[in-house]
$ cat work.cif   # mmCIF, C-alpha atoms
data_work
#
loop_
_atom_site.group_PDB
_atom_site.id
_atom_site.type_symbol
_atom_site.label_atom_id
_atom_site.label_comp_id
_atom_site.auth_asym_id
_atom_site.auth_seq_id
_atom_site.Cartn_x
_atom_site.Cartn_y
_atom_site.Cartn_z
ATOM 1 C CA MET A 1 -14.586 25.797 -11.957
ATOM 2 C CA ARG A 2 -14.729 23.413 -8.994
ATOM 3 C CA GLY A 3 -18.532 23.611 -8.953
ATOM 4 C CA ASP A 4 -18.717 22.805 -12.687
ATOM 5 C CA GLN A 5 -16.518 19.766 -12.148
ATOM 6 C CA GLN A 6 -18.738 18.487 -9.343
ATOM 7 C CA GLN A 7 -21.878 18.977 -11.441
ATOM 8 C CA GLN A 8 -20.329 16.995 -14.276
ATOM 9 C CA VAL A 9 -19.172 14.203 -11.995
ATOM 10 C CA PHE A 10 -22.467 13.184 -10.528
ATOM 11 C CA ASN A 11 -24.092 12.752 -13.901
ATOM 12 C CA VAL A 12 -22.116 9.539 -14.319
ATOM 13 C CA THR A 13 -24.034 6.306 -13.879
ATOM 14 C CA GLY A 14 -23.297 3.445 -11.552
ATOM 15 C CA ARG A 15 -23.132 2.785 -7.843
ATOM 16 C CA ILE A 16 -20.221 4.219 -5.855
ATOM 17 C CA SER A 17 -18.547 2.382 -2.979
ATOM 18 C CA VAL A 18 -16.234 4.282 -0.626
ATOM 19 C CA VAL A 19 -13.892 1.981 1.318
ATOM 20 C CA VAL A 20 -12.054 3.316 4.371
ATOM 21 C CA PRO A 21 -9.630 1.217 6.467
ATOM 22 C CA VAL A 22 -9.947 2.285 10.102
ATOM 23 C CA TYR A 23 -7.399 1.986 12.882
ATOM 24 C CA ASN A 24 -7.724 3.868 16.172
ATOM 25 C CA SER A 25 -9.611 6.779 14.616
ATOM 26 C CA LYS A 26 -12.752 7.142 16.717
ATOM 27 C CA GLU A 27 -12.379 10.934 16.908
ATOM 28 C CA PHE A 28 -12.212 11.295 13.096
ATOM 29 C CA LEU A 29 -15.021 8.947 12.022
ATOM 30 C CA PRO A 30 -18.114 11.117 12.684
ATOM 31 C CA GLU A 31 -16.713 14.071 10.740
ATOM 32 C CA LEU A 32 -15.409 11.807 7.975
ATOM 33 C CA TYR A 33 -18.859 10.228 7.651
ATOM 34 C CA GLU A 34 -20.618 13.607 7.522
ATOM 35 C CA ARG A 35 -18.239 14.996 4.908
ATOM 36 C CA LEU A 36 -18.542 11.873 2.754
ATOM 37 C CA ILE A 37 -22.335 12.012 2.930
ATOM 38 C CA ALA A 38 -22.333 15.699 2.019
ATOM 39 C CA VAL A 39 -20.262 15.037 -1.100
ATOM 40 C CA LEU A 40 -21.998 11.843 -2.224
ATOM 41 C CA GLU A 41 -25.520 13.162 -1.581
ATOM 42 C CA ARG A 42 -25.021 16.334 -3.602
ATOM 43 C CA GLU A 43 -27.194 15.057 -6.441
ATOM 44 C CA GLY A 44 -28.405 11.835 -4.891
ATOM 45 C CA PRO A 45 -26.285 9.125 -6.546
ATOM 46 C CA ASP A 46 -26.499 5.505 -5.483
ATOM 47 C CA PHE A 47 -23.653 4.935 -3.051
ATOM 48 C CA GLU A 48 -22.431 3.083 0.017
ATOM 49 C CA ILE A 49 -19.724 3.752 2.601
ATOM 50 C CA ILE A 50 -17.719 0.851 4.021
ATOM 51 C CA PHE A 51 -15.632 1.262 7.175
ATOM 52 C CA VAL A 52 -13.261 -1.643 7.883
ATOM 53 C CA ASP A 53 -12.008 -1.704 11.476
ATOM 54 C CA ASP A 54 -8.512 -3.182 11.226
ATOM 55 C CA GLY A 55 -8.181 -4.388 14.818
ATOM 56 C CA SER A 56 -8.483 -0.970 16.473
ATOM 57 C CA LYS A 57 -7.623 -0.739 20.172
ATOM 58 C CA ASP A 58 -9.913 2.233 20.836
ATOM 59 C CA GLU A 59 -13.698 2.598 20.456
ATOM 60 C CA SER A 60 -13.641 2.885 16.662
ATOM 61 C CA TRP A 61 -15.877 -0.164 16.181
ATOM 62 C CA SER A 62 -18.515 1.209 18.570
ATOM 63 C CA VAL A 63 -18.581 4.468 16.603
ATOM 64 C CA ILE A 64 -18.908 2.563 13.321
ATOM 65 C CA LYS A 65 -21.822 0.499 14.660
ATOM 66 C CA GLU A 66 -23.635 3.609 15.863
ATOM 67 C CA LEU A 67 -23.240 5.311 12.506
ATOM 68 C CA ALA A 68 -24.373 2.171 10.674
ATOM 69 C CA ILE A 69 -27.534 1.969 12.796
ATOM 70 C CA GLU A 70 -28.423 5.561 11.936
ATOM 71 C CA ASP A 71 -27.672 5.211 8.211
ATOM 72 C CA GLN A 72 -28.080 1.941 6.326
ATOM 73 C CA ARG A 73 -25.895 3.279 3.528
ATOM 74 C CA LEU A 74 -22.930 2.848 5.851
ATOM 75 C CA ARG A 75 -21.650 -0.674 6.428
ATOM 76 C CA GLY A 76 -19.013 -1.687 8.930
ATOM 77 C CA PHE A 77 -16.745 -4.715 9.221
ATOM 78 C CA ARG A 78 -14.424 -5.548 12.108
ATOM 79 C CA LEU A 79 -11.417 -7.765 11.444
ATOM 80 C CA THR A 80 -10.200 -10.222 14.083
ATOM 81 C CA ARG A 81 -6.859 -8.444 14.417
ATOM 82 C CA ASN A 82 -4.669 -5.829 12.762
ATOM 83 C CA TYR A 83 -3.867 -7.204 9.286
ATOM 84 C CA GLY A 84 -2.503 -4.000 7.787
ATOM 85 C CA GLN A 85 -3.929 -1.234 5.637
ATOM 86 C CA HIS A 86 -3.799 -3.083 2.325
ATOM 87 C CA ASN A 87 -5.400 -6.233 3.722
ATOM 88 C CA ALA A 88 -8.158 -4.123 5.277
ATOM 89 C CA LEU A 89 -8.697 -2.404 1.932
ATOM 90 C CA PHE A 90 -8.954 -5.790 0.255
ATOM 91 C CA ALA A 91 -11.565 -6.849 2.825
ATOM 92 C CA GLY A 92 -13.615 -3.733 2.078
ATOM 93 C CA CYS A 93 -13.307 -4.140 -1.684
ATOM 94 C CA ASN A 94 -14.551 -7.719 -1.361
ATOM 95 C CA GLN A 95 -17.691 -6.441 0.375
ATOM 96 C CA ALA A 96 -18.265 -3.511 -1.990
ATOM 97 C CA THR A 97 -21.293 -3.654 -4.294
ATOM 98 C CA GLY A 98 -20.569 -0.523 -6.330
ATOM 99 C CA ASP A 99 -19.452 -0.178 -9.927
ATOM 100 C CA LYS A 100 -16.722 2.236 -8.847
ATOM 101 C CA ILE A 101 -14.645 1.930 -5.672
ATOM 102 C CA ILE A 102 -13.012 4.883 -3.916
ATOM 103 C CA THR A 103 -10.441 4.366 -1.163
ATOM 104 C CA LEU A 104 -9.111 6.978 1.252
ATOM 105 C CA ASP A 105 -7.491 7.217 4.684
ATOM 106 C CA ASP A 106 -9.442 7.572 7.923
ATOM 107 C CA ASP A 107 -7.516 10.531 9.380
ATOM 108 C CA LEU A 108 -9.121 13.282 7.232
ATOM 109 C CA GLN A 109 -5.858 14.027 5.442
ATOM 110 C CA ASN A 110 -7.575 12.896 2.212
ATOM 111 C CA PRO A 111 -10.400 15.476 1.894
ATOM 112 C CA PRO A 112 -13.662 13.814 0.750
ATOM 113 C CA GLU A 113 -14.423 17.032 -1.136
ATOM 114 C CA GLU A 114 -11.795 16.004 -3.726
ATOM 115 C CA ILE A 115 -13.813 12.919 -4.759
ATOM 116 C CA PRO A 116 -15.398 14.778 -7.725
ATOM 117 C CA LEU A 117 -11.954 15.300 -9.223
ATOM 118 C CA LEU A 118 -11.266 11.557 -9.109
ATOM 119 C CA LEU A 119 -14.644 10.745 -10.642
ATOM 120 C CA ASN A 120 -14.108 13.260 -13.419
ATOM 121 C CA LYS A 121 -10.730 11.773 -14.288
ATOM 122 C CA LEU A 122 -12.093 8.211 -14.238
ATOM 123 C CA SER A 123 -14.890 9.237 -16.606
ATOM 124 C CA GLU A 124 -12.256 10.067 -19.231
ATOM 125 C CA GLY A 125 -11.850 6.345 -19.901
ATOM 126 C CA PHE A 126 -9.324 5.255 -17.283
ATOM 127 C CA GLU A 127 -9.791 2.240 -15.046
ATOM 128 C CA LEU A 128 -7.620 3.401 -12.127
ATOM 129 C CA VAL A 129 -6.979 6.974 -10.974
ATOM 130 C CA TYR A 130 -4.813 8.145 -8.069
ATOM 131 C CA GLY A 131 -5.247 11.393 -6.190
ATOM 132 C CA ILE A 132 -1.736 12.788 -5.799
ATOM 133 C CA PRO A 133 -1.282 15.405 -3.035
ATOM 134 C CA VAL A 134 -0.069 18.771 -4.246
ATOM 135 C CA VAL A 135 1.912 19.030 -0.993
ATOM 136 C CA ARG A 136 2.190 16.068 1.375
ATOM 137 C CA GLN A 137 1.496 17.110 4.967
ATOM 138 C CA HIS A 138 3.867 14.621 6.616
ATOM 139 C CA ASN A 139 6.933 15.024 8.788
ATOM 140 C CA LEU A 140 10.429 14.523 7.400
ATOM 141 C CA TRP A 141 10.775 10.864 8.423
ATOM 142 C CA ARG A 142 7.376 9.956 7.030
ATOM 143 C CA ARG A 143 8.238 11.652 3.731
ATOM 144 C CA LEU A 144 11.530 9.753 3.571
ATOM 145 C CA GLY A 145 9.722 6.488 4.301
ATOM 146 C CA SER A 146 7.159 7.248 1.615
ATOM 147 C CA ARG A 147 10.008 7.921 -0.803
ATOM 148 C CA VAL A 148 11.373 4.444 -0.091
ATOM 149 C CA ILE A 149 7.939 3.000 -0.823
ATOM 150 C CA LEU A 150 7.829 4.870 -4.133
ATOM 151 C CA VAL A 151 11.257 3.554 -5.078
ATOM 152 C CA SER A 152 10.194 -0.002 -4.278
ATOM 153 C CA LEU A 153 7.019 0.415 -6.299
ATOM 154 C CA MET A 154 9.096 1.857 -9.128
ATOM 155 C CA THR A 155 10.992 -1.434 -9.135
ATOM 156 C CA VAL A 156 7.791 -3.441 -9.479
ATOM 157 C CA LEU A 157 5.457 -1.162 -11.425
ATOM 158 C CA GLY A 158 7.839 0.841 -13.582
ATOM 159 C CA PHE A 159 8.775 4.509 -13.307
ATOM 160 C CA HIS A 160 5.677 6.120 -14.766
ATOM 161 C CA SER A 161 3.257 4.313 -12.481
ATOM 162 C CA SER A 162 5.098 4.308 -9.187
ATOM 163 C CA TRP A 163 5.417 8.075 -8.787
ATOM 164 C CA ARG A 164 1.625 8.439 -9.133
ATOM 165 C CA VAL A 165 0.622 6.085 -6.333
ATOM 166 C CA SER A 166 -1.249 7.156 -3.196
ATOM 167 C CA SER A 167 -3.862 5.826 -0.774
ATOM 168 C CA TYR A 168 -6.467 8.135 -2.367
ATOM 169 C CA ARG A 169 -7.642 6.190 -5.406
ATOM 170 C CA ILE A 170 -10.658 5.266 -7.509
ATOM 171 C CA PHE A 171 -11.001 2.238 -9.779
ATOM 172 C CA ASN A 172 -13.596 0.176 -11.580
ATOM 173 C CA ALA A 173 -15.009 -2.676 -9.526
ATOM 174 C CA THR A 174 -14.136 -5.128 -12.301
ATOM 175 C CA LEU A 175 -10.521 -4.934 -11.108
ATOM 176 C CA VAL A 176 -11.476 -6.529 -7.777
ATOM 177 C CA ASP A 177 -11.561 -9.936 -9.477
ATOM 178 C CA SER A 178 -7.828 -9.614 -10.066
ATOM 179 C CA LEU A 179 -7.314 -8.817 -6.366
ATOM 180 C CA ARG A 180 -9.169 -11.973 -5.394
ATOM 181 C CA GLU A 181 -7.271 -14.173 -7.834
ATOM 182 C CA ASN A 182 -3.887 -12.941 -6.578
ATOM 183 C CA SER A 183 -4.675 -12.531 -2.872
ATOM 184 C CA ARG A 184 -1.987 -13.508 -0.378
ATOM 185 C CA PRO A 185 -1.266 -13.061 3.365
ATOM 186 C CA ARG A 186 0.683 -9.835 2.720
ATOM 187 C CA MET A 187 -1.156 -7.697 0.186
ATOM 188 C CA SER A 188 -0.151 -4.719 -1.912
ATOM 189 C CA ILE A 189 -3.266 -3.297 -3.527
ATOM 190 C CA ASP A 190 -1.319 -1.027 -5.877
ATOM 191 C CA VAL A 191 0.827 -3.815 -7.315
ATOM 192 C CA LEU A 192 -2.164 -6.103 -7.875
ATOM 193 C CA LEU A 193 -4.175 -3.306 -9.488
ATOM 194 C CA SER A 194 -1.261 -2.595 -11.823
ATOM 195 C CA TRP A 195 -1.377 -6.237 -12.899
ATOM 196 C CA ALA A 196 -5.051 -5.869 -13.812
ATOM 197 C CA THR A 197 -4.895 -2.734 -15.961
ATOM 198 C CA THR A 198 -2.596 -0.317 -17.745
ATOM 199 C CA GLU A 199 -5.284 2.376 -18.009
ATOM 200 C CA ILE A 200 -3.891 4.309 -15.052
ATOM 201 C CA SER A 201 -3.888 8.061 -14.497
ATOM 202 C CA SER A 202 -3.734 10.605 -11.683
ATOM 203 C CA CYS A 203 -4.936 14.047 -10.686
ATOM 204 C CA SER A 204 -3.796 16.591 -8.120
ATOM 205 C CA VAL A 205 -5.707 16.798 -4.840
ATOM 206 C CA ARG A 206 -5.334 18.574 -1.518
ATOM 207 C CA HIS A 207 -3.663 16.852 1.418
ATOM 208 C CA GLU A 208 -4.614 18.264 4.802
ATOM 209 C CA PRO A 209 -2.436 18.283 7.944
ATOM 210 C CA ARG A 210 -3.171 15.669 10.579
ATOM 211 C CA ARG A 211 -5.257 17.274 13.304
ATOM 212 C CA SER A 212 -4.288 15.172 16.304
ATOM 213 C CA GLY A 213 -2.210 12.178 17.282
ATOM 214 C CA LYS A 214 0.388 10.730 14.979
ATOM 215 C CA SER A 215 0.289 8.348 12.073
ATOM 216 C CA THR A 216 0.428 4.642 12.902
ATOM 217 C CA TYR A 217 2.583 4.213 9.814
ATOM 218 C CA SER A 218 6.027 4.455 11.407
ATOM 219 C CA VAL A 219 9.221 4.570 9.381
ATOM 220 C CA PHE A 220 9.840 0.937 10.327
ATOM 221 C CA LYS A 221 6.416 -0.088 8.980
ATOM 222 C CA LEU A 222 7.001 1.838 5.773
ATOM 223 C CA LEU A 223 10.380 0.171 5.272
ATOM 224 C CA SER A 224 8.868 -3.216 6.085
ATOM 225 C CA HIS A 225 6.174 -2.615 3.473
ATOM 226 C CA ALA A 226 8.841 -1.652 0.944
ATOM 227 C CA VAL A 227 10.630 -4.959 1.596
ATOM 228 C CA ASP A 228 7.326 -6.816 1.219
ATOM 229 C CA VAL A 229 6.670 -5.122 -2.113
ATOM 230 C CA ILE A 230 10.125 -5.785 -3.544
ATOM 231 C CA SER A 231 10.510 -9.369 -2.335
ATOM 232 C CA GLY A 232 6.842 -10.315 -2.684
ATOM 233 C CA PHE A 233 6.213 -9.095 -6.210
ATOM 234 C CA SER A 234 9.573 -9.184 -7.995
ATOM 235 C CA VAL A 235 12.733 -11.275 -8.295
ATOM 236 C CA LEU A 236 15.037 -8.257 -8.025
ATOM 237 C CA PRO A 237 16.644 -9.381 -4.716
ATOM 238 C CA LEU A 238 17.517 -12.763 -6.233
ATOM 239 C CA ARG A 239 19.066 -11.051 -9.236
ATOM 240 C CA CYS A 240 21.083 -8.779 -6.933
ATOM 241 C CA VAL A 241 22.352 -11.815 -5.049
ATOM 242 C CA ALA A 242 23.308 -13.471 -8.329
ATOM 243 C CA LEU A 243 25.195 -10.352 -9.401
ATOM 244 C CA LEU A 244 26.946 -10.221 -6.021
ATOM 245 C CA GLY A 245 27.956 -13.838 -6.465
ATOM 246 C CA VAL A 246 29.395 -13.129 -9.905
ATOM 247 C CA GLY A 247 31.183 -10.014 -8.670
ATOM 248 C CA PHE A 248 32.810 -11.657 -5.670
ATOM 249 C CA SER A 249 33.710 -14.709 -7.731
ATOM 250 C CA PHE A 250 35.603 -12.340 -9.993
ATOM 251 C CA VAL A 251 37.296 -10.780 -6.943
ATOM 252 C CA GLY A 252 38.268 -14.257 -5.718
ATOM 253 C CA ILE A 253 39.705 -15.258 -9.097
ATOM 254 C CA THR A 254 41.644 -11.989 -9.275
ATOM 255 C CA MET A 255 43.131 -12.548 -5.829
ATOM 256 C CA LEU A 256 44.028 -16.153 -6.635
ATOM 257 C CA SER A 257 45.735 -15.030 -9.844
ATOM 258 C CA TYR A 258 47.726 -12.428 -7.914
ATOM 259 C CA ILE A 259 48.814 -14.938 -5.271
ATOM 260 C CA LEU A 260 49.841 -17.567 -7.848
ATOM 261 C CA GLY A 261 51.578 -14.957 -10.006
ATOM 262 C CA ARG A 262 53.579 -13.650 -7.046
ATOM 263 C CA TYR A 263 54.570 -17.177 -6.049
ATOM 264 C CA VAL A 264 55.722 -18.015 -9.591
ATOM 265 C CA LEU A 265 57.589 -14.748 -10.176
ATOM 266 C CA GLN A 266 59.003 -14.062 -6.696
ATOM 267 C CA GLY A 267 58.863 -17.473 -5.066
ATOM 268 C CA SER A 268 56.929 -16.131 -2.050
ATOM 269 C CA THR A 269 53.295 -16.056 -0.918
ATOM 270 C CA VAL A 270 51.317 -12.983 0.099
ATOM 271 C CA PRO A 271 51.783 -12.350 3.851
ATOM 272 C CA GLY A 272 49.241 -10.734 6.100
ATOM 273 C CA PHE A 273 46.570 -12.160 8.392
ATOM 274 C CA PRO A 274 44.479 -8.925 8.280
ATOM 275 C CA MET A 275 43.887 -9.301 4.560
ATOM 276 C CA LEU A 276 42.895 -12.939 4.987
ATOM 277 C CA ALA A 277 40.523 -12.162 7.859
ATOM 278 C CA THR A 278 38.977 -9.257 5.937
ATOM 279 C CA MET A 279 38.277 -11.388 2.867
ATOM 280 C CA ILE A 280 36.785 -14.150 5.005
ATOM 281 C CA CYS A 281 34.443 -11.654 6.671
ATOM 282 C CA ILE A 282 33.398 -10.157 3.338
ATOM 283 C CA PHE A 283 32.693 -13.483 1.685
ATOM 284 C CA SER A 284 30.890 -14.795 4.776
ATOM 285 C CA GLY A 285 28.698 -11.686 4.888
ATOM 286 C CA VAL A 286 27.750 -12.059 1.231
ATOM 287 C CA GLN A 287 26.909 -15.709 1.746
ATOM 288 C CA LEU A 288 24.711 -14.970 4.755
ATOM 289 C CA PHE A 289 22.983 -12.181 2.837
ATOM 290 C CA ALA A 290 22.294 -14.558 -0.044
ATOM 291 C CA VAL A 291 20.931 -17.207 2.332
ATOM 292 C CA GLY A 292 18.687 -14.573 3.956
ATOM 293 C CA VAL A 293 17.220 -13.476 0.609
ATOM 294 C CA VAL A 294 16.565 -17.061 -0.472
ATOM 295 C CA GLY A 295 15.048 -17.737 2.945
ATOM 296 C CA GLU A 296 12.686 -14.777 2.524
ATOM 297 C CA TYR A 297 11.344 -16.244 -0.708
ATOM 298 C CA LEU A 298 11.057 -19.722 0.795
ATOM 299 C CA GLY A 299 9.184 -18.227 3.748
ATOM 300 C CA ARG A 300 6.675 -16.621 1.416
ATOM 301 C CA LEU A 301 6.137 -19.918 -0.384
ATOM 302 C CA TYR A 302 5.629 -21.585 2.982
ATOM 303 C CA GLU A 303 3.102 -18.939 4.044
ATOM 304 C CA LYS A 304 1.154 -19.434 0.837
ATOM 305 C CA SER A 305 1.185 -23.224 1.229
ATOM 306 C CA LEU A 306 -0.404 -22.865 4.678
ATOM 307 C CA GLY A 307 -3.447 -21.249 3.067
ATOM 308 C CA ARG A 308 -3.377 -18.370 5.542
ATOM 309 C CA PRO A 309 -6.194 -15.917 4.645
ATOM 310 C CA PRO A 310 -5.390 -12.245 4.041
ATOM 311 C CA TYR A 311 -8.048 -11.301 6.612
ATOM 312 C CA ILE A 312 -10.855 -12.701 8.760
ATOM 313 C CA VAL A 313 -14.040 -10.750 9.501
ATOM 314 C CA ALA A 314 -15.033 -11.030 13.166
ATOM 315 C CA GLU A 315 -18.193 -8.933 13.027
ATOM 316 C CA SER A 316 -20.206 -6.808 10.626
ATOM 317 C CA SER A 317 -22.866 -4.146 11.002
ATOM 318 C CA ASP A 318 -24.990 -6.087 8.499
ATOM 319 C CA GLN A 319 -25.281 -8.914 11.035
ATOM 320 C CA ASP A 320 -26.137 -6.500 13.821
ATOM 321 C CA GLY A 321 -28.869 -5.009 11.690
#
$ encode --input "work.cif" --output "structure tokens"
Amino acid sequence: MRGDQQQQVFNVTGRISVVVPVYNSKEFLPELYERLIAVLEREGPDFEIIFVDDGSKDESWSVIKELAIEDQRLRGFRLTRNYGQHNALFAGCNQATGDKIITLDDDLQNPPEEIPLLLNKLSEGFELVYGIPVVRQHNLWRRLGSRVILVSLMTVLGFHSSWRVSSYRIFNATLVDSLRENSRPRMSIDVLLSWATTEISSCSVRHEPRRSGKSTYSVFKLLSHAVDVISGFSVLPLRCVALLGVGFSFVGITMLSYILGRYVLQGSTVPGFPMLATMICIFSGVQLFAVGVVGEYLGRLYEKSLGRPPYIVAESSDQDG
């Protein structure tokens, strides 16, 4: 069955671009390249492989340059610093010349051999297809962090889309125009792609255990990305602050009514410094939270007004060639 699917896949027309963001993965790149070539060469389709070095601190860029010299179908780009996975993906998509773009991680946890399944699903008429792992090979904290990301995407994309999101994806190159039009310093490829199309689907793929080292996506980074997604692509935090304001205004009015009612009926005020101090702390905390949320949005507007680019390419293998 798997062989029939692969045979069907490579009869599709159009150039394929595979974009891989790279960060400190020199030991994985040669095998990843060989496995990608083996899959894409099976029936000789027109393809290219793009490795984007996202400010690696190891010898990843040297490995990419060596591979690019040996095979002109591989192109490499080195960014000036670490911009983040989604910004690196955007950089690669901007350089892609294919009709279909495939993205996957650099650590071999997304098996290149599953590419035929993505191509088959895309050929059914969809514009964006995600490869969803049957079983995610992550530790507990990484799975919890990923769950937070899914919840944040659910807020922005809607329930049916968010639970089918992964870094293993394929989409038509026509969607890249939407990425360019909505680019910003902090990118979220999945949100921007969801703005460009509703023809989204998914298929089940394998997810292999990480062979060595540990993922650079810490729980803190995952949570930070979740905050970026929620505050950068929705007004939900502002609505929550508004609801908090309404709720605590109601609490304040209720307390004032109680105090005035007691004074009128009993001729005495409500004693107790602890209650007063507690209410002051609560209201002060809510106010500071509201100011922080508004400040986050103002900061994003300020970042956009500066015209800060989502990435800068320092070097490319095309130039070296």
$ resolve_selection --input "work.cif" --expression "the PyMOL selection byres ((chain A and resi 110) around 7)" --output "list in words"
Leu104, Asp105, Leu108, Gln109, Pro111, Pro112, Tyr168, His207 and Glu208 of chain A
$ closest_residue --input "work.cif" --among "A:Leu236, A:Val129, A:Leu306, A:Val251" --to "A:Leu193" --atoms "all atoms listed in the file"
A:Val129
$ atom_distance --input "work.cif" --atom1 "atom CA of A:Leu288" --atom2 "atom CA of A:Pro185"
26.1 Å
$ resolve_selection --input "work.cif" --expression "the PyMOL selection byres ((chain A and resi 192) around 12)" --output "mmCIF file with C-alpha atoms, in the coordinates of the input"
data_model
loop_
_atom_site.group_PDB
_atom_site.id
_atom_site.type_symbol
_atom_site.label_atom_id
_atom_site.label_comp_id
_atom_site.auth_asym_id
_atom_site.auth_seq_id
_atom_site.Cartn_x
_atom_site.Cartn_y
_atom_site.Cartn_z
ATOM 1 C CA HIS A 86 -3.799 -3.083 2.325
ATOM 2 C CA PHE A 90 -8.954 -5.790 0.255
ATOM 3 C CA LEU A 128 -7.620 3.401 -12.127
ATOM 4 C CA LEU A 153 7.019 0.415 -6.299
ATOM 5 C CA VAL A 156 7.791 -3.441 -9.479
ATOM 6 C CA LEU A 157 5.457 -1.162 -11.425
ATOM 7 C CA LEU A 175 -10.521 -4.934 -11.108
ATOM 8 C CA VAL A 176 -11.476 -6.529 -7.777
ATOM 9 C CA ASP A 177 -11.561 -9.936 -9.477
ATOM 10 C CA SER A 178 -7.828 -9.614 -10.066
ATOM 11 C CA LEU A 179 -7.314 -8.817 -6.366
ATOM 12 C CA ARG A 180 -9.169 -11.973 -5.394
ATOM 13 C CA GLU A 181 -7.271 -14.173 -7.834
ATOM 14 C CA ASN A 182 -3.887 -12.941 -6.578
ATOM 15 C CA SER A 183 -4.675 -12.531 -2.872
ATOM 16 C CA ARG A 184 -1.987 -13.508 -0.378
ATOM 17 C CA ARG A 186 0.683 -9.835 2.720
ATOM 18 C CA MET A 187 -1.156 -7.697 0.186
ATOM 19 C CA SER A 188 -0.151 -4.719 -1.912
ATOM 20 C CA ILE A 189 -3.266 -3.297 -3.527
ATOM 21 C CA ASP A 190 -1.319 -1.027 -5.877
ATOM 22 C CA VAL A 191 0.827 -3.815 -7.315
ATOM 23 C CA LEU A 193 -4.175 -3.306 -9.488
ATOM 24 C CA SER A 194 -1.261 -2.595 -11.823
ATOM 25 C CA TRP A 195 -1.377 -6.237 -12.899
ATOM 26 C CA ALA A 196 -5.051 -5.869 -13.812
ATOM 27 C CA THR A 197 -4.895 -2.734 -15.961
ATOM 28 C CA THR A 198 -2.596 -0.317 -17.745
ATOM 29 C CA VAL A 229 6.670 -5.122 -2.113
ATOM 30 C CA GLY A 232 6.842 -10.315 -2.684
ATOM 31 C CA PHE A 233 6.213 -9.095 -6.210
#
$ residues_around --input "work.cif" --residues "A:Lys121" --least-positions-apart "4" --cutoff "12 Å" --atoms "all atoms listed in the file" --output "JSON, numbers by chain"
{"A": [5, 6, 8, 9, 12, 114, 115, 116, 117, 125, 126, 127, 128, 129, 130, 131, 169, 170, 171, 199, 200, 201, 202, 203, 204, 205]}
$ atom_distance --input "work.cif" --atom1 "atom CA of A:Asp54" --atom2 "atom CA of A:Gln85"
7.5 Å
$ atom_distance --input "work.cif" --atom1 "atom CA of A:Gln287" --atom2 "atom CA of A:Leu244"
9.5 Å
$ closest_residue --input "work.cif" --among "A:Pro209, A:Gly14, A:Gly84, A:Pro21" --to "A:Ser123" --atoms "all atoms listed in the file"
A:Gly14
$ resolve_selection --input "work.cif" --expression "the PyMOL selection byres ((chain A and resi 53) around 12)" --output "JSON, numbers by chain"
{"A": [19, 20, 21, 22, 23, 24, 25, 26, 29, 50, 51, 52, 54, 55, 56, 57, 58, 59, 60, 61, 62, 63, 64, 65, 75, 76, 77, 78, 79, 80, 81, 82, 83, 84, 85, 87, 88, 89, 91, 92, 106, 311, 312, 313, 314, 315, 316, 317]}
$ write_last_selection --input "work.cif" --atoms "C-alpha atoms" --output "CSV table (one decimal), keeping the file's coordinate frame"
chain,number,residue,atom,x,y,z
A,19,VAL,CA,-13.9,2.0,1.3
A,20,VAL,CA,-12.1,3.3,4.4
A,21,PRO,CA,-9.6,1.2,6.5
A,22,VAL,CA,-9.9,2.3,10.1
A,23,TYR,CA,-7.4,2.0,12.9
A,24,ASN,CA,-7.7,3.9,16.2
A,25,SER,CA,-9.6,6.8,14.6
A,26,LYS,CA,-12.8,7.1,16.7
A,29,LEU,CA,-15.0,8.9,12.0
A,50,ILE,CA,-17.7,0.9,4.0
A,51,PHE,CA,-15.6,1.3,7.2
A,52,VAL,CA,-13.3,-1.6,7.9
A,54,ASP,CA,-8.5,-3.2,11.2
A,55,GLY,CA,-8.2,-4.4,14.8
A,56,SER,CA,-8.5,-1.0,16.5
A,57,LYS,CA,-7.6,-0.7,20.2
A,58,ASP,CA,-9.9,2.2,20.8
A,59,GLU,CA,-13.7,2.6,20.5
A,60,SER,CA,-13.6,2.9,16.7
A,61,TRP,CA,-15.9,-0.2,16.2
A,62,SER,CA,-18.5,1.2,18.6
A,63,VAL,CA,-18.6,4.5,16.6
A,64,ILE,CA,-18.9,2.6,13.3
A,65,LYS,CA,-21.8,0.5,14.7
A,75,ARG,CA,-21.6,-0.7,6.4
A,76,GLY,CA,-19.0,-1.7,8.9
A,77,PHE,CA,-16.7,-4.7,9.2
A,78,ARG,CA,-14.4,-5.5,12.1
A,79,LEU,CA,-11.4,-7.8,11.4
A,80,THR,CA,-10.2,-10.2,14.1
A,81,ARG,CA,-6.9,-8.4,14.4
A,82,ASN,CA,-4.7,-5.8,12.8
A,83,TYR,CA,-3.9,-7.2,9.3
A,84,GLY,CA,-2.5,-4.0,7.8
A,85,GLN,CA,-3.9,-1.2,5.6
A,87,ASN,CA,-5.4,-6.2,3.7
A,88,ALA,CA,-8.2,-4.1,5.3
A,89,LEU,CA,-8.7,-2.4,1.9
A,91,ALA,CA,-11.6,-6.8,2.8
A,92,GLY,CA,-13.6,-3.7,2.1
A,106,ASP,CA,-9.4,7.6,7.9
A,311,TYR,CA,-8.0,-11.3,6.6
A,312,ILE,CA,-10.9,-12.7,8.8
A,313,VAL,CA,-14.0,-10.8,9.5
A,314,ALA,CA,-15.0,-11.0,13.2
A,315,GLU,CA,-18.2,-8.9,13.0
A,316,SER,CA,-20.2,-6.8,10.6
A,317,SER,CA,-22.9,-4.1,11.0
$ axis_aligned_box --input "work.cif" --around "stretch 126-136 of chain A" --padding-each-side "6 Å" --output "AutoDock Vina command-line options"
--center_x -3.8 --center_y 10.6 --center_z -8.0 --size_x 24.0 --size_y 28.8 --size_z 30.7
$ closest_residue --input "work.cif" --among "A:Gly252, A:Val291, A:Ala38, A:Glu31" --to "A:Leu67" --atoms "all atoms listed in the file"
A:Glu31
